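Colleague: Here you go, this is run-v3.txt (compact mmCIF, N, CA and C atoms).
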# COMPACT_ATOMS: atom_id res chain seq x y z
N PHE K 1 0.84 -1.18 0.00
CA PHE K 1 0.00 0.00 0.00
C PHE K 1 0.88 1.23 0.00
N ARG K 2 0.93 1.89 -1.14
CA ARG K 2 1.75 3.09 -1.30
C ARG K 2 3.19 2.88 -0.82
N GLY K 3 3.70 1.68 -1.03
CA GLY K 3 5.08 1.39 -0.69
C GLY K 3 5.37 1.23 0.79
N ARG K 4 4.34 1.17 1.62
CA ARG K 4 4.55 1.07 3.06
C ARG K 4 4.25 -0.34 3.56
N THR K 5 4.94 -0.73 4.61
CA THR K 5 4.61 -1.97 5.32
C THR K 5 3.43 -1.67 6.22
N LEU K 6 2.44 -2.53 6.21
CA LEU K 6 1.26 -2.34 7.05
C LEU K 6 1.15 -3.47 8.07
N TYR K 7 0.55 -3.16 9.19
CA TYR K 7 0.35 -4.11 10.26
C TYR K 7 -1.15 -4.14 10.59
N ALA K 8 -1.70 -5.32 10.80
CA ALA K 8 -3.12 -5.46 11.12
C ALA K 8 -3.28 -5.80 12.59
N LEU K 9 -4.29 -5.20 13.21
CA LEU K 9 -4.64 -5.50 14.59
C LEU K 9 -6.05 -6.10 14.57
N TYR K 10 -6.19 -7.25 15.19
CA TYR K 10 -7.48 -7.91 15.35
C TYR K 10 -7.72 -8.04 16.85
N ALA K 11 -8.77 -7.40 17.36
CA ALA K 11 -9.01 -7.40 18.80
C ALA K 11 -10.36 -8.05 19.12
N HIS K 12 -10.53 -8.41 20.38
CA HIS K 12 -11.73 -9.03 20.94
C HIS K 12 -11.92 -10.46 20.44
N LEU K 13 -10.84 -11.13 20.11
CA LEU K 13 -10.95 -12.49 19.56
C LEU K 13 -11.13 -13.53 20.66
N LYS K 14 -11.91 -14.54 20.33
CA LYS K 14 -12.01 -15.71 21.20
C LYS K 14 -10.77 -16.58 21.02
N GLN K 15 -10.33 -16.72 19.74
CA GLN K 15 -9.14 -17.52 19.45
C GLN K 15 -8.54 -17.09 18.12
N ALA K 16 -7.25 -16.85 18.11
CA ALA K 16 -6.52 -16.58 16.87
C ALA K 16 -6.00 -17.90 16.32
N LEU K 17 -6.17 -18.11 15.03
CA LEU K 17 -5.74 -19.36 14.40
C LEU K 17 -4.45 -19.22 13.60
N VAL K 18 -4.00 -18.01 13.38
CA VAL K 18 -2.71 -17.76 12.74
C VAL K 18 -1.93 -16.79 13.61
N HIS K 19 -0.62 -16.85 13.52
CA HIS K 19 0.24 -16.01 14.33
C HIS K 19 1.35 -15.44 13.46
N PRO K 20 1.77 -14.20 13.72
CA PRO K 20 2.79 -13.55 12.88
C PRO K 20 4.02 -14.42 12.69
N GLY K 21 4.40 -14.60 11.44
CA GLY K 21 5.61 -15.34 11.10
C GLY K 21 5.48 -16.85 11.13
N ALA K 22 4.38 -17.36 11.65
CA ALA K 22 4.25 -18.81 11.82
C ALA K 22 3.52 -19.50 10.68
N HIS K 23 2.78 -18.77 9.88
CA HIS K 23 1.94 -19.41 8.88
C HIS K 23 2.16 -18.90 7.45
N GLY K 24 3.17 -18.09 7.21
CA GLY K 24 3.39 -17.58 5.87
C GLY K 24 2.26 -16.67 5.44
N ASP K 25 2.03 -16.59 4.15
CA ASP K 25 0.96 -15.75 3.64
C ASP K 25 -0.40 -16.37 3.92
N VAL K 26 -1.35 -15.53 4.25
CA VAL K 26 -2.72 -15.97 4.46
C VAL K 26 -3.49 -15.72 3.18
N LYS K 27 -4.14 -16.74 2.69
CA LYS K 27 -4.89 -16.64 1.44
C LYS K 27 -6.34 -16.23 1.71
N GLU K 28 -6.96 -15.57 0.74
CA GLU K 28 -8.35 -15.15 0.85
C GLU K 28 -9.24 -16.35 1.14
N GLY K 29 -10.16 -16.16 2.07
CA GLY K 29 -11.10 -17.21 2.42
C GLY K 29 -10.68 -18.07 3.61
N ARG K 30 -9.42 -17.95 4.03
CA ARG K 30 -8.95 -18.74 5.15
C ARG K 30 -9.49 -18.18 6.47
N VAL K 31 -9.94 -19.06 7.33
CA VAL K 31 -10.39 -18.64 8.66
C VAL K 31 -9.14 -18.33 9.48
N ILE K 32 -9.06 -17.11 10.00
CA ILE K 32 -7.87 -16.71 10.76
C ILE K 32 -8.14 -16.56 12.25
N ALA K 33 -9.43 -16.48 12.63
CA ALA K 33 -9.76 -16.29 14.04
C ALA K 33 -11.24 -16.50 14.26
N PHE K 34 -11.59 -16.64 15.55
CA PHE K 34 -12.99 -16.68 15.96
C PHE K 34 -13.26 -15.43 16.79
N THR K 35 -14.36 -14.75 16.48
CA THR K 35 -14.68 -13.52 17.18
C THR K 35 -15.06 -13.80 18.63
N GLY K 36 -14.88 -12.78 19.45
CA GLY K 36 -15.18 -12.95 20.87
C GLY K 36 -15.56 -11.64 21.52
N THR K 37 -15.40 -11.59 22.83
CA THR K 37 -15.77 -10.42 23.62
C THR K 37 -14.69 -10.10 24.64
N THR K 38 -13.43 -10.25 24.27
CA THR K 38 -12.34 -10.01 25.21
C THR K 38 -12.08 -8.52 25.38
N GLY K 39 -11.29 -8.19 26.38
CA GLY K 39 -10.91 -6.80 26.63
C GLY K 39 -12.11 -5.96 27.02
N ASN K 40 -12.18 -4.74 26.48
CA ASN K 40 -13.26 -3.84 26.86
C ASN K 40 -14.56 -4.13 26.11
N ALA K 41 -14.65 -5.28 25.42
CA ALA K 41 -15.88 -5.67 24.72
C ALA K 41 -16.75 -6.59 25.58
N SER K 42 -16.38 -6.78 26.82
CA SER K 42 -17.16 -7.64 27.71
C SER K 42 -18.60 -7.12 27.79
N GLY K 43 -19.55 -8.03 27.65
CA GLY K 43 -20.96 -7.66 27.69
C GLY K 43 -21.54 -7.29 26.34
N GLU K 44 -20.70 -7.19 25.31
CA GLU K 44 -21.14 -6.87 23.95
C GLU K 44 -21.30 -8.16 23.16
N PRO K 45 -22.01 -8.13 22.03
CA PRO K 45 -22.05 -9.32 21.17
C PRO K 45 -20.65 -9.62 20.63
N PRO K 46 -20.31 -10.89 20.37
CA PRO K 46 -19.01 -11.21 19.78
C PRO K 46 -18.80 -10.42 18.48
N HIS K 47 -17.62 -9.84 18.33
CA HIS K 47 -17.33 -9.06 17.14
C HIS K 47 -15.82 -8.93 16.97
N LEU K 48 -15.43 -8.42 15.83
CA LEU K 48 -14.02 -8.17 15.52
C LEU K 48 -13.77 -6.68 15.49
N HIS K 49 -12.74 -6.24 16.17
CA HIS K 49 -12.25 -4.87 16.07
C HIS K 49 -11.00 -4.95 15.20
N PHE K 50 -11.02 -4.28 14.06
CA PHE K 50 -9.95 -4.39 13.07
C PHE K 50 -9.35 -3.02 12.82
N GLU K 51 -8.02 -2.92 12.93
CA GLU K 51 -7.31 -1.69 12.63
C GLU K 51 -6.13 -2.01 11.72
N ILE K 52 -5.72 -1.02 10.95
CA ILE K 52 -4.50 -1.13 10.15
C ILE K 52 -3.56 -0.04 10.62
N TRP K 53 -2.32 -0.42 10.87
CA TRP K 53 -1.30 0.51 11.36
C TRP K 53 -0.16 0.61 10.35
N THR K 54 0.50 1.76 10.35
CA THR K 54 1.70 1.94 9.54
C THR K 54 2.96 1.75 10.37
N LYS K 55 2.79 1.55 11.69
CA LYS K 55 3.90 1.29 12.61
C LYS K 55 3.59 0.03 13.39
N ARG K 56 4.62 -0.58 13.95
CA ARG K 56 4.40 -1.78 14.76
C ARG K 56 3.67 -1.47 16.06
N GLN K 57 3.93 -0.30 16.64
CA GLN K 57 3.28 0.07 17.89
C GLN K 57 2.71 1.47 17.75
N VAL K 58 1.55 1.69 18.33
CA VAL K 58 0.96 3.01 18.36
C VAL K 58 0.56 3.33 19.79
N GLN K 59 0.47 4.60 20.11
CA GLN K 59 0.11 5.02 21.46
C GLN K 59 -1.28 5.65 21.46
N ARG K 60 -1.38 6.84 20.91
CA ARG K 60 -2.66 7.54 20.87
C ARG K 60 -3.06 7.78 19.43
N PHE K 61 -4.35 7.65 19.16
CA PHE K 61 -4.88 7.91 17.83
C PHE K 61 -4.60 9.36 17.46
N PRO K 62 -4.19 9.71 16.28
CA PRO K 62 -4.03 8.91 15.06
C PRO K 62 -2.56 8.65 14.73
N ASP K 63 -1.81 8.15 15.62
CA ASP K 63 -0.37 8.01 15.47
C ASP K 63 0.06 6.78 14.67
N GLY K 64 -0.39 6.64 13.47
CA GLY K 64 0.02 5.52 12.64
C GLY K 64 -1.14 4.61 12.27
N ARG K 65 -2.33 4.88 12.78
CA ARG K 65 -3.50 4.09 12.39
C ARG K 65 -4.13 4.72 11.15
N ILE K 66 -4.54 3.88 10.24
CA ILE K 66 -5.23 4.39 9.05
C ILE K 66 -6.53 3.62 8.86
N SER K 67 -7.45 4.20 8.14
CA SER K 67 -8.75 3.58 7.93
C SER K 67 -8.60 2.31 7.11
N PRO K 68 -9.16 1.19 7.58
CA PRO K 68 -9.12 -0.02 6.76
C PRO K 68 -9.73 0.20 5.38
N GLY K 69 -10.75 1.04 5.29
CA GLY K 69 -11.37 1.31 4.01
C GLY K 69 -10.41 1.95 3.01
N GLU K 70 -9.47 2.74 3.51
CA GLU K 70 -8.47 3.36 2.64
C GLU K 70 -7.62 2.30 1.96
N VAL K 71 -7.31 1.25 2.68
CA VAL K 71 -6.48 0.17 2.16
C VAL K 71 -7.30 -0.81 1.33
N LEU K 72 -8.50 -1.14 1.81
CA LEU K 72 -9.34 -2.14 1.16
C LEU K 72 -10.14 -1.58 -0.01
N GLY K 73 -10.18 -0.25 -0.14
CA GLY K 73 -10.88 0.36 -1.25
C GLY K 73 -12.36 0.55 -1.02
N TYR K 74 -12.78 0.54 0.24
CA TYR K 74 -14.19 0.72 0.57
C TYR K 74 -14.37 1.83 1.59
N HIS K 75 -15.54 2.43 1.57
CA HIS K 75 -15.95 3.42 2.57
C HIS K 75 -17.04 2.77 3.41
N PHE K 76 -16.88 2.79 4.73
CA PHE K 76 -17.88 2.22 5.63
C PHE K 76 -18.49 3.33 6.45
N ASP K 77 -19.82 3.52 6.36
CA ASP K 77 -20.46 4.43 7.30
C ASP K 77 -21.17 3.64 8.40
N ASN K 78 -21.32 2.36 8.20
CA ASN K 78 -21.68 1.38 9.23
C ASN K 78 -21.44 0.00 8.62
N MET K 79 -21.56 -1.03 9.40
CA MET K 79 -21.19 -2.35 8.91
C MET K 79 -22.14 -2.89 7.85
N ASP K 80 -23.33 -2.30 7.71
CA ASP K 80 -24.28 -2.77 6.70
C ASP K 80 -24.25 -1.95 5.42
N ASN K 81 -23.43 -0.93 5.38
CA ASN K 81 -23.44 -0.02 4.24
C ASN K 81 -22.02 0.19 3.74
N ARG K 82 -21.57 -0.67 2.85
CA ARG K 82 -20.21 -0.61 2.31
C ARG K 82 -20.30 -0.17 0.86
N ARG K 83 -19.53 0.85 0.49
CA ARG K 83 -19.50 1.32 -0.89
C ARG K 83 -18.06 1.45 -1.34
N LEU K 84 -17.83 1.19 -2.63
CA LEU K 84 -16.51 1.40 -3.18
C LEU K 84 -16.12 2.87 -3.02
N ASN K 85 -14.85 3.14 -2.73
CA ASN K 85 -14.40 4.52 -2.60
C ASN K 85 -14.71 5.33 -3.84
N SER K 86 -14.65 4.72 -5.02
CA SER K 86 -14.90 5.45 -6.26
C SER K 86 -16.36 5.89 -6.36
N ASP K 87 -17.25 5.29 -5.56
CA ASP K 87 -18.67 5.64 -5.58
C ASP K 87 -19.03 6.68 -4.50
N VAL K 88 -18.07 7.05 -3.66
CA VAL K 88 -18.33 7.99 -2.57
C VAL K 88 -18.05 9.39 -3.09
N GLY K 89 -19.02 10.28 -2.93
CA GLY K 89 -18.87 11.65 -3.45
C GLY K 89 -18.26 12.61 -2.49
As structure tokens, what does this structure read like?
Modeller:
Amino acid sequence: FRGRTLYALYAHLKQALVHPGAHGDVKEGRVIAFTGTTGNASGEPPHLHFEIWTKRQVQRFPDGRISPGEVLGYHFDNMDNRRLNSDVG
């Protein structure tokens, strides 16, 4: 992505099925984790919190976090309404 190394954060997982450096490239369609309610998601429905970072570690937003939609080519105004960036005015 624009010549940068990107890092993905997956939070609130019940179980991660892949680990950095242990499984090589992950192919589309592969199950990588099971959603859960860990951390500050206790009491919420199981879900995935997904972030993309330009650094290995971040402290306070927006210090290296970028919108997943910017990388994936989609604009999300909620989880049920996904549009291609080219369709967003």
Colleague: Using only C-alpha atoms, which residue out of K:His49, K:Ala33, K:Gly64, K:Val71 lies closest to K:Gln15?
Modeller: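 Residue with the minimum atom-to-atom distance to K:Gln15: K:Ala33.
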Colleague: Give me the residues within 12 Å of K:Pro20 as a list in words, counting only C-alpha atoms and dropping any in the same chain fewer than 2 places off.
Modeller: Tyr7, Ala8, Leu9, Tyr10, Ala16, Leu17, Val18, Ala22, His23, Gly24, Asp25, Val26 and Ile32 of chain K
Colleague: Record the distance separating atom C of K:Thr37 and atom N of K:Thr5, expressed in Å with one decimal.
Modeller: 29.6 Å
Colleague: Give me the residues near stretch 40-44 of chain K as a ChimeraX atom specification, where near means some atom within 10 Å (using only C-alpha atoms) and where sequence neighbours in that chain fewer than 4 positions away do not count.
Modeller: /K:11-13,36,48-49
Colleague: Take the selection from the previous step and output its residues with N, CA and C atoms, as a CSV table (one decimal), in the coordinates of the input.
Modeller:
chain,number,residue,atom,x,y,z
K,11,ALA,N,-8.8,-7.4,17.4
K,11,ALA,CA,-9.0,-7.4,18.8
K,11,ALA,C,-10.4,-8.0,19.1
K,12,HIS,N,-10.5,-8.4,20.4
K,12,HIS,CA,-11.7,-9.0,20.9
K,12,HIS,C,-11.9,-10.5,20.4
K,13,LEU,N,-10.8,-11.1,20.1
K,13,LEU,CA,-11.0,-12.5,19.6
K,13,LEU,C,-11.1,-13.5,20.7
K,36,GLY,N,-14.9,-12.8,19.4
K,36,GLY,CA,-15.2,-13.0,20.9
K,36,GLY,C,-15.6,-11.6,21.5
K,48,LEU,N,-15.4,-8.4,15.8
K,48,LEU,CA,-14.0,-8.2,15.5
K,48,LEU,C,-13.8,-6.7,15.5
K,49,HIS,N,-12.7,-6.2,16.2
K,49,HIS,CA,-12.2,-4.9,16.1
K,49,HIS,C,-11.0,-5.0,15.2
Colleague: Extending 4 Å beyond the listed atoms of stretch 21-36 of chain K on each side, what axis-aligned box results? I want centre and edge lengths in Å to one decimal, as JSON.
Modeller:
{"center_x": -5.0, "center_y": -15.6, "center_z": 11.1, "size_x": 29.2, "size_y": 15.9, "size_z": 28.8}
Colleague: How many Å separate atom CA of K:Gly73 from atom CA of K:Lys55?
Modeller: 20.3 Å
Colleague: Need to verify the contact set: K:Pro68, 6.5 Å, only N, CA and C atoms, exclusion of same-chain residues closer than 4 positions in sequence. Can you return it as a PyMOL selection string?
Modeller: chain K and resi 51-52+72-74
Colleague: Using atom CA of K:Gly3 and atom C of K:Glu70 as the two end points, give the distance in Å to one decimal.
Modeller: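 Computed distance, atom CA of K:Gly3 to atom C of K:Glu70, equals 13.0 Å.
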Colleague: Within stretch 6-72 of chain K, find each residue whose DSSP state, derived from the backbone, is helix (DSSP H, G or I), and express the selection as a VMD selection string.
Modeller: chain K and resid 39 to 41 68 to 72
Colleague: Please write a file for stretch 20-34 of chain K, taken from the block I just shared, that holds all heavy atoms and is laid out as a PDB file, in the first residue's frame.
Modeller:
ATOM      1  N   PRO K  20       1.770 -14.197  13.719  1.00  0.00           N
ATOM      2  CA  PRO K  20       2.791 -13.547  12.879  1.00  0.00           C
ATOM      3  C   PRO K  20       4.017 -14.419  12.688  1.00  0.00           C
ATOM      4  O   PRO K  20       4.581 -14.950  13.642  1.00  0.00           O
ATOM      5  CB  PRO K  20       3.133 -12.275  13.657  1.00  0.00           C
ATOM      6  CG  PRO K  20       1.920 -12.010  14.490  1.00  0.00           C
ATOM      7  CD  PRO K  20       1.365 -13.366  14.834  1.00  0.00           C
ATOM      8  N   GLY K  21       4.400 -14.597  11.438  1.00  0.00           N
ATOM      9  CA  GLY K  21       5.605 -15.343  11.097  1.00  0.00           C
ATOM     10  C   GLY K  21       5.478 -16.847  11.135  1.00  0.00           C
ATOM     11  O   GLY K  21       6.365 -17.556  10.702  1.00  0.00           O
ATOM     12  N   ALA K  22       4.380 -17.360  11.653  1.00  0.00           N
ATOM     13  CA  ALA K  22       4.252 -18.809  11.821  1.00  0.00           C
ATOM     14  C   ALA K  22       3.524 -19.498  10.678  1.00  0.00           C
ATOM     15  O   ALA K  22       3.619 -20.703  10.540  1.00  0.00           O
ATOM     16  CB  ALA K  22       3.537 -19.113  13.136  1.00  0.00           C
ATOM     17  N   HIS K  23       2.783 -18.769   9.876  1.00  0.00           N
ATOM     18  CA  HIS K  23       1.941 -19.409   8.877  1.00  0.00           C
ATOM     19  C   HIS K  23       2.158 -18.898   7.450  1.00  0.00           C
ATOM     20  O   HIS K  23       1.392 -19.236   6.570  1.00  0.00           O
ATOM     21  CB  HIS K  23       0.467 -19.237   9.255  1.00  0.00           C
ATOM     22  CG  HIS K  23       0.111 -19.935  10.524  1.00  0.00           C
ATOM     23  ND1 HIS K  23       0.161 -19.313  11.741  1.00  0.00           N
ATOM     24  CD2 HIS K  23      -0.253 -21.205  10.760  1.00  0.00           C
ATOM     25  CE1 HIS K  23      -0.179 -20.172  12.678  1.00  0.00           C
ATOM     26  NE2 HIS K  23      -0.430 -21.329  12.119  1.00  0.00           N
ATOM     27  N   GLY K  24       3.172 -18.094   7.212  1.00  0.00           N
ATOM     28  CA  GLY K  24       3.394 -17.576   5.866  1.00  0.00           C
ATOM     29  C   GLY K  24       2.259 -16.669   5.439  1.00  0.00           C
ATOM     30  O   GLY K  24       1.584 -16.065   6.254  1.00  0.00           O
ATOM     31  N   ASP K  25       2.034 -16.588   4.150  1.00  0.00           N
ATOM     32  CA  ASP K  25       0.961 -15.745   3.638  1.00  0.00           C
ATOM     33  C   ASP K  25      -0.397 -16.371   3.920  1.00  0.00           C
ATOM     34  O   ASP K  25      -0.573 -17.578   3.820  1.00  0.00           O
ATOM     35  CB  ASP K  25       1.110 -15.548   2.124  1.00  0.00           C
ATOM     36  CG  ASP K  25       2.330 -14.721   1.762  1.00  0.00           C
ATOM     37  OD1 ASP K  25       2.808 -13.964   2.624  1.00  0.00           O
ATOM     38  OD2 ASP K  25       2.792 -14.847   0.618  1.00  0.00           O
ATOM     39  N   VAL K  26      -1.352 -15.525   4.250  1.00  0.00           N
ATOM     40  CA  VAL K  26      -2.724 -15.973   4.463  1.00  0.00           C
ATOM     41  C   VAL K  26      -3.493 -15.724   3.176  1.00  0.00           C
ATOM     42  O   VAL K  26      -3.486 -14.630   2.642  1.00  0.00           O
ATOM     43  CB  VAL K  26      -3.377 -15.211   5.638  1.00  0.00           C
ATOM     44  CG1 VAL K  26      -4.833 -15.591   5.787  1.00  0.00           C
ATOM     45  CG2 VAL K  26      -2.617 -15.480   6.927  1.00  0.00           C
ATOM     46  N   LYS K  27      -4.137 -16.737   2.690  1.00  0.00           N
ATOM     47  CA  LYS K  27      -4.891 -16.642   1.438  1.00  0.00           C
ATOM     48  C   LYS K  27      -6.341 -16.234   1.715  1.00  0.00           C
ATOM     49  O   LYS K  27      -6.885 -16.534   2.774  1.00  0.00           O
ATOM     50  CB  LYS K  27      -4.883 -17.985   0.693  1.00  0.00           C
ATOM     51  CG  LYS K  27      -3.497 -18.529   0.411  1.00  0.00           C
ATOM     52  CD  LYS K  27      -2.777 -17.681  -0.596  1.00  0.00           C
ATOM     53  CE  LYS K  27      -1.433 -18.318  -0.928  1.00  0.00           C
ATOM     54  NZ  LYS K  27      -0.402 -17.394  -1.230  1.00  0.00           N
ATOM     55  N   GLU K  28      -6.958 -15.569   0.735  1.00  0.00           N
ATOM     56  CA  GLU K  28      -8.348 -15.152   0.846  1.00  0.00           C
ATOM     57  C   GLU K  28      -9.245 -16.350   1.143  1.00  0.00           C
ATOM     58  O   GLU K  28      -9.086 -17.422   0.567  1.00  0.00           O
ATOM     59  CB  GLU K  28      -8.794 -14.496  -0.457  1.00  0.00           C
ATOM     60  CG  GLU K  28     -10.206 -13.972  -0.415  1.00  0.00           C
ATOM     61  CD  GLU K  28     -10.608 -13.254  -1.684  1.00  0.00           C
ATOM     62  OE1 GLU K  28      -9.729 -12.941  -2.513  1.00  0.00           O
ATOM     63  OE2 GLU K  28     -11.810 -13.017  -1.860  1.00  0.00           O
ATOM     64  N   GLY K  29     -10.158 -16.163   2.065  1.00  0.00           N
ATOM     65  CA  GLY K  29     -11.104 -17.215   2.424  1.00  0.00           C
ATOM     66  C   GLY K  29     -10.677 -18.068   3.606  1.00  0.00           C
ATOM     67  O   GLY K  29     -11.478 -18.840   4.137  1.00  0.00           O
ATOM     68  N   ARG K  30      -9.423 -17.951   4.027  1.00  0.00           N
ATOM     69  CA  ARG K  30      -8.948 -18.745   5.154  1.00  0.00           C
ATOM     70  C   ARG K  30      -9.492 -18.184   6.471  1.00  0.00           C
ATOM     71  O   ARG K  30      -9.494 -16.978   6.686  1.00  0.00           O
ATOM     72  CB  ARG K  30      -7.424 -18.724   5.198  1.00  0.00           C
ATOM     73  CG  ARG K  30      -6.870 -19.540   6.345  1.00  0.00           C
ATOM     74  CD  ARG K  30      -5.395 -19.692   6.276  1.00  0.00           C
ATOM     75  NE  ARG K  30      -4.933 -20.418   7.445  1.00  0.00           N
ATOM     76  CZ  ARG K  30      -3.667 -20.561   7.754  1.00  0.00           C
ATOM     77  NH1 ARG K  30      -2.735 -20.068   6.962  1.00  0.00           N
ATOM     78  NH2 ARG K  30      -3.321 -21.224   8.822  1.00  0.00           N
ATOM     79  N   VAL K  31      -9.944 -19.061   7.335  1.00  0.00           N
ATOM     80  CA  VAL K  31     -10.389 -18.639   8.664  1.00  0.00           C
ATOM     81  C   VAL K  31      -9.143 -18.332   9.484  1.00  0.00           C
ATOM     82  O   VAL K  31      -8.254 -19.179   9.612  1.00  0.00           O
ATOM     83  CB  VAL K  31     -11.236 -19.734   9.350  1.00  0.00           C
ATOM     84  CG1 VAL K  31     -11.595 -19.321  10.772  1.00  0.00           C
ATOM     85  CG2 VAL K  31     -12.485 -20.020   8.541  1.00  0.00           C
ATOM     86  N   ILE K  32      -9.056 -17.110  10.001  1.00  0.00           N
ATOM     87  CA  ILE K  32      -7.868 -16.713  10.756  1.00  0.00           C
ATOM     88  C   ILE K  32      -8.142 -16.556  12.248  1.00  0.00           C
ATOM     89  O   ILE K  32      -7.216 -16.488  13.038  1.00  0.00           O
ATOM     90  CB  ILE K  32      -7.239 -15.417  10.198  1.00  0.00           C
ATOM     91  CG1 ILE K  32      -8.237 -14.267  10.278  1.00  0.00           C
ATOM     92  CG2 ILE K  32      -6.754 -15.637   8.774  1.00  0.00           C
ATOM     93  CD1 ILE K  32      -7.623 -12.918   9.965  1.00  0.00           C
ATOM     94  N   ALA K  33      -9.429 -16.485  12.629  1.00  0.00           N
ATOM     95  CA  ALA K  33      -9.756 -16.293  14.043  1.00  0.00           C
ATOM     96  C   ALA K  33     -11.245 -16.503  14.265  1.00  0.00           C
ATOM     97  O   ALA K  33     -12.032 -16.530  13.317  1.00  0.00           O
ATOM     98  CB  ALA K  33      -9.374 -14.885  14.480  1.00  0.00           C
ATOM     99  N   PHE K  34     -11.590 -16.637  15.549  1.00  0.00           N
ATOM    100  CA  PHE K  34     -12.985 -16.677  15.962  1.00  0.00           C
ATOM    101  C   PHE K  34     -13.263 -15.429  16.788  1.00  0.00           C
ATOM    102  O   PHE K  34     -12.487 -15.084  17.684  1.00  0.00           O
ATOM    103  CB  PHE K  34     -13.278 -17.929  16.785  1.00  0.00           C
ATOM    104  CG  PHE K  34     -13.097 -19.202  16.006  1.00  0.00           C
ATOM    105  CD1 PHE K  34     -12.091 -20.088  16.336  1.00  0.00           C
ATOM    106  CD2 PHE K  34     -13.929 -19.499  14.936  1.00  0.00           C
ATOM    107  CE1 PHE K  34     -11.916 -21.264  15.614  1.00  0.00           C
ATOM    108  CE2 PHE K  34     -13.766 -20.675  14.213  1.00  0.00           C
ATOM    109  CZ  PHE K  34     -12.755 -21.550  14.544  1.00  0.00           C
TER     110      PHE K  34
END
